[in-house]
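Undergrad: This is the structure I want to talk about, given as structure tokens.
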Amino acid sequence: MDQTRNILYFVAIAALIIITGMVQSWNSALLILNMGLISAVMALGVNLQWGFAGLFNVGVMGFVALGGLAAVLVSTDPVSEAWSAGGLRILFALAVGAGIIGATTIAYRRITATRPRVIAMVSILGLGFFLYRALLDPAVQAVESINPALQGNLGGLGLPIILAWPIGGLFAAGAAWIIGKAALGLRSDYLAIATLGISEIIIAILKNEDWLARGVKNVIGLDRPVPKEIDLQESAQFIERASGLGIDPVTASALFVKLNYALLFSVVLIILLVMVQLSLKSPWGRMMRAIRDNETAAAAMGKNVTNRHLQIFILGSAICGIAGAMMTTLDGQLTPGSYQPLRFTFLIWVMVIVGGSGNNFGAVLGGFLIWFLWVQVEPMSQYLVTLLTAGMAEDNALRLHMMESVAYMRLLTMGLVLLLVLRFSPRGLIPEK
Amino acid sequence: MAEPFLIGDAMTGGYGAGPDILHSCTIAVDPGQIAVIVGPNGAGKSTGMKAVFGMLNLREGSVRLDGEDITHLTPQERVVKGMGFVPQTQNIFTSMSVEENLEMGAFIRRDDIRETMEQVYDLFPILRDKRHQAAGELSGGQRQQVAVGRALMTKPKVLMLDEPTAGVSPIVMDELFDRIIEVARTGIPILMVEQNARQALEIADRGYVLVQGRNAYTGSGQELLADPEVLKSFLGG
Amino acid sequence: MDFINGLVVLLNFVLIPATAYGAQLALGALGVTLIYGILRFSNFAHGDTMAFGTMITVLVTWWFQSMGISFGPLPTALLALPLGIAATAALVLMTDRGVYQFYRAQKAKPVILVIVSMGVMFVMNGVVRIIIGVDDQRFSDGERFIFSVREFKAATGLREGMALKTTQGITVITALIVVIALFWFLNKTRTGKSMRAYADNEDLALLSGINPERVVAVIWIIVAALATIAGVLYGLDKSFKPFTYFQLLLPIFASAIVGGLGNPLGAIAGGFVVAYSEVMITYAWKKVLKYWMPESLEPSTLMQLLSTEYKFAVSFMILIVVLLFRPTGLFKGKAY
């Protein structure tokens, strides 16, 4: 019974996308499908943390952005002048920075008396900070002055971009380890604020550290795991096949590329989904849920709750990182200025809650559905506004204002969807079993 | 026998939709009296009192105050009717001063509360000295005095205390019992649950021994203390 | 002389702006902390509540300006403020009736309320953007300065100048009045005390005959007023942009947590701690130090610890340090 209903949900989503293809264009339908797949992966990550462990992560944006950074650092070619100008010095400075933090931690652990401990920590951090900046600043300056119009950064490893997907996951996992060490085990609101904070910091770093990924100057024209449209359009074989199908080569190439992406993303989604499903049916997963449902009892039974939480927090964040790398790959560019918490953190939350927290298929469904709405609410409300203001003059101030504001209808809609689901179907569309 | 001032009559019920904890249990108290509910652990002592105060669902029986049936009133409404209740734990506002605790006790009153406050201070002189101190900073015994004082601020017609001496030292316990007797002398009927059965029965005009939610023995404090069965079963011989 | 010149620079670029910013954060954090104390959840919609209140005030200000109403040397927005507060109060009361009350009656877990507040945040976010758009709006009018750099230099003959913006003066004075009024209300009035009682011990407050729905309604009105005032002061001092208000959520929460969630006094202290640290860590100290250090030691760099873009990192680091070493905050909050 439930099974049929769930299948129907997915069929409905597929139908929505197909209708988009027929009414608007197949190009936009495939765009929605691709971003829907990525959203589903992100929702899977958040659901792992929230649905199975009750961890309240509102720093999704940061982990997604780290995945994006991985895409740049893996795929772009290294800038050899920049490396010789200061690359190693930057790495050395970063290592020194890490060493300073390590030394502070050791001081904290070793010295027990309060006052000497504070003095030691403050002086290590204070002096260390100046040392770090003295090492870092000139190196950064040297790197950023190399061909700033096009580069000004260290570049990457020049490897295939698909490798960035797992590496993006590793980046996010590393950040999650740090934040988890500091904030897990505290109240859930605190974890929320801490994750919100770190995501803002990650974005600030991406925006400002030009030597890393060119900051707000953006990195464009990233490598691709699939053929380029231009190449396809020049391939005689492709043109022949396209005309065989009755599609003009330009459209055909765009669709073909997107289909390739869809295939790749689907593979990732399915692999992750299978892995997550298997692990959650394992004793480990059962224990996670036991901890979520009664932390005190689980702790009393000798389970190390904070450690388990750390594991799942890292895993969930890593999945978000993978999704972030996939997204940057799809976009072909990294634009730190475009990362906004509403879009990359809170929207993912809406996906998880609406889909059904604690159910992976629910999260995937929510990912597709909410992404579809996010994209389609704007044209829908545009249509509505046109209809409503049909009687008004072209330059009617109210009409113009309403036309201008349709873009923000999606925020309102997302809020209402979330509130309505929470109120009338708090377990989501596909509830946890 | 005349109808008692406050009576929980043949009460049967439990928390929410849970199983019955009380089985036709009767508890009553009259003006000037101290009635004490004692019994072994898990006998439903506190539950019996909470039933009188309207904190659980009664399936049978009724609660009457001064002849009025109040079985279906909420605890808040019973406060307005003149029932003062001192919970066993978390019975004071720890972050507020002693005086503010008393003021909050009198929240439902719209008249001048200064006289009542003076009476409470006369009853518990230590509170007068500490009236501007945060209640959470006081000792255990003093906190219990604040809690009782808070409940007295409504000028209740009946005062109910849930284990007022839980966790305080024997000396403080004796002092608290003295105060409770003093309150009773002002004419307010007192119904209380006590774990220190022997000491409590000594000051009780009426004692209820509950076993598994049923009235096992009922009588005056002295009678119960003299009853060899009661002594043997509950008071350790 | 050098010392005084350095001090003037310090006042002008660090202490005065940080004090104004601290006052704004403190008012914001008070709102968060009061909601936490009474309703027991972290309200993610607070930044957008501030934005909504400010937006209404901006609109009313424009309306007043179009009618030629002004407040003399003071910004017209101060006249519009009461209407902004009233509209925001109406909005949050409606939100409480329509949204939060349901979960309160169910005794839902706090984290559910936090997620609910995320939904409210989205809605308010959308409403504000639909009505006024996403652009920067300036609505400050009246006298710009209490005294300007030029006047200061002329009066003192110092090399360095100092200005005190009207908005900065208004911010500090308004914040002071609001805080005094709030503490008077909480500590001296019957309703205020009943709210503290409710925050302290909900069950006992019910036993004492305190009406929870009334407490909740009053707290929402107070929070609406605090949020609107904080938002308007921030907007006057800088400018009004919806997204900035959303971003204020982080320093505001940092302030409230640093001070101890649920503790009003702590929220104020936290606001200033966060504001001062943010400004001091992102300020280029060279201008001050060139007066205070001997010439031979004059700093060659800007002496800026972190670039301004990292100001969120500062709130965050303070937050982490407090969470690690003193999870209940500087003043004891309700962190259990």
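In the structure tokens, the first chain shown is A, the next is B, and so on; residue numbers restart at 1 for each chain, and ligands run from 1 in the order shown.
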Identify, with DSSP run on backbone atoms, the residues in region 11-131 of chain B assigned to helix (DSSP H, G or I), and express the list as a ChimeraX atom specification.

TA: /B:45-53,75-81,98-105,114-123,125-129

Undergrad: Within 7 Å of region 92-107 of chain B, counting only C-alpha atoms, which residues qualify if same-chain residues fewer than 2 places away don't, as a PyMOL selection string?

TA: (chain B and resi 90+109+127+130-136+146-147+149-151+153-154) or (chain C and resi 194+197+200-201+208-210)

Undergrad: Can you tell me which residues surround region 83-97 of chain A at a distance of at most 10 Å, considering only C-alpha atoms, apart from same-chain residues fewer than 5 positions away, and format the answer as a VMD selection string?

TA: chain A and resid 78 102 to 103 125 128 to 129 131 to 146 153 to 155 211

Undergrad: Generate a file of the selected residues that holds C-alpha atoms, formatted as a PDB file, in the first residue's frame.

TA:
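Dumped everything to again.pdb:
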ATOM      1  CA  PRO A  78      48.690  24.344 -11.929  1.00  0.00           C
ATOM      2  CA  GLY A 102      48.252  22.165  17.604  1.00  0.00           C
ATOM      3  CA  ALA A 103      50.660  23.760  20.065  1.00  0.00           C
ATOM      4  CA  LEU A 125      48.127  32.112  19.636  1.00  0.00           C
ATOM      5  CA  GLY A 128      51.798  32.485  16.327  1.00  0.00           C
ATOM      6  CA  PHE A 129      49.245  34.595  14.540  1.00  0.00           C
ATOM      7  CA  LEU A 131      54.325  34.687  12.617  1.00  0.00           C
ATOM      8  CA  TYR A 132      51.691  33.076  10.433  1.00  0.00           C
ATOM      9  CA  ARG A 133      50.709  36.348   8.842  1.00  0.00           C
ATOM     10  CA  ALA A 134      54.337  37.324   8.333  1.00  0.00           C
ATOM     11  CA  LEU A 135      54.908  34.094   6.458  1.00  0.00           C
ATOM     12  CA  LEU A 136      51.619  34.043   4.589  1.00  0.00           C
ATOM     13  CA  ASP A 137      51.088  37.632   3.496  1.00  0.00           C
ATOM     14  CA  PRO A 138      54.138  38.137   1.254  1.00  0.00           C
ATOM     15  CA  ALA A 139      53.680  34.718  -0.307  1.00  0.00           C
ATOM     16  CA  VAL A 140      50.033  35.448  -1.033  1.00  0.00           C
ATOM     17  CA  GLN A 141      50.953  38.792  -2.500  1.00  0.00           C
ATOM     18  CA  ALA A 142      53.513  37.194  -4.757  1.00  0.00           C
ATOM     19  CA  VAL A 143      51.067  34.578  -5.969  1.00  0.00           C
ATOM     20  CA  GLU A 144      48.202  36.964  -6.500  1.00  0.00           C
ATOM     21  CA  SER A 145      50.300  39.301  -8.594  1.00  0.00           C
ATOM     22  CA  ILE A 146      50.983  36.618 -11.199  1.00  0.00           C
ATOM     23  CA  ASN A 153      45.969  31.778  -7.921  1.00  0.00           C
ATOM     24  CA  LEU A 154      47.969  28.612  -7.493  1.00  0.00           C
ATOM     25  CA  GLY A 155      45.768  26.626  -9.800  1.00  0.00           C
ATOM     26  CA  TRP A 211      45.372  32.642  -4.265  1.00  0.00           C
TER      27      TRP A 211
END

Undergrad: Just the number, please: distance in Å from CA of Tyr21 (chain C) to CA of Lys238 (chain C), one decimal.

TA: 9.7 Å

Undergrad: List the neighbours of Lys228 (chain A) out to 10 Å using only C-alpha atoms; skip same-chain residues closer than 5 positions along the sequence, and give me the result as a PyMOL selection string.

TA: chain A and resi 223+233+253-254+256-257

Undergrad: Which of these residues is nearest to chain A, using only C-alpha atoms: C:Ile222, C:Val111, C:Leu233, C:Val9?

TA: C:Val111
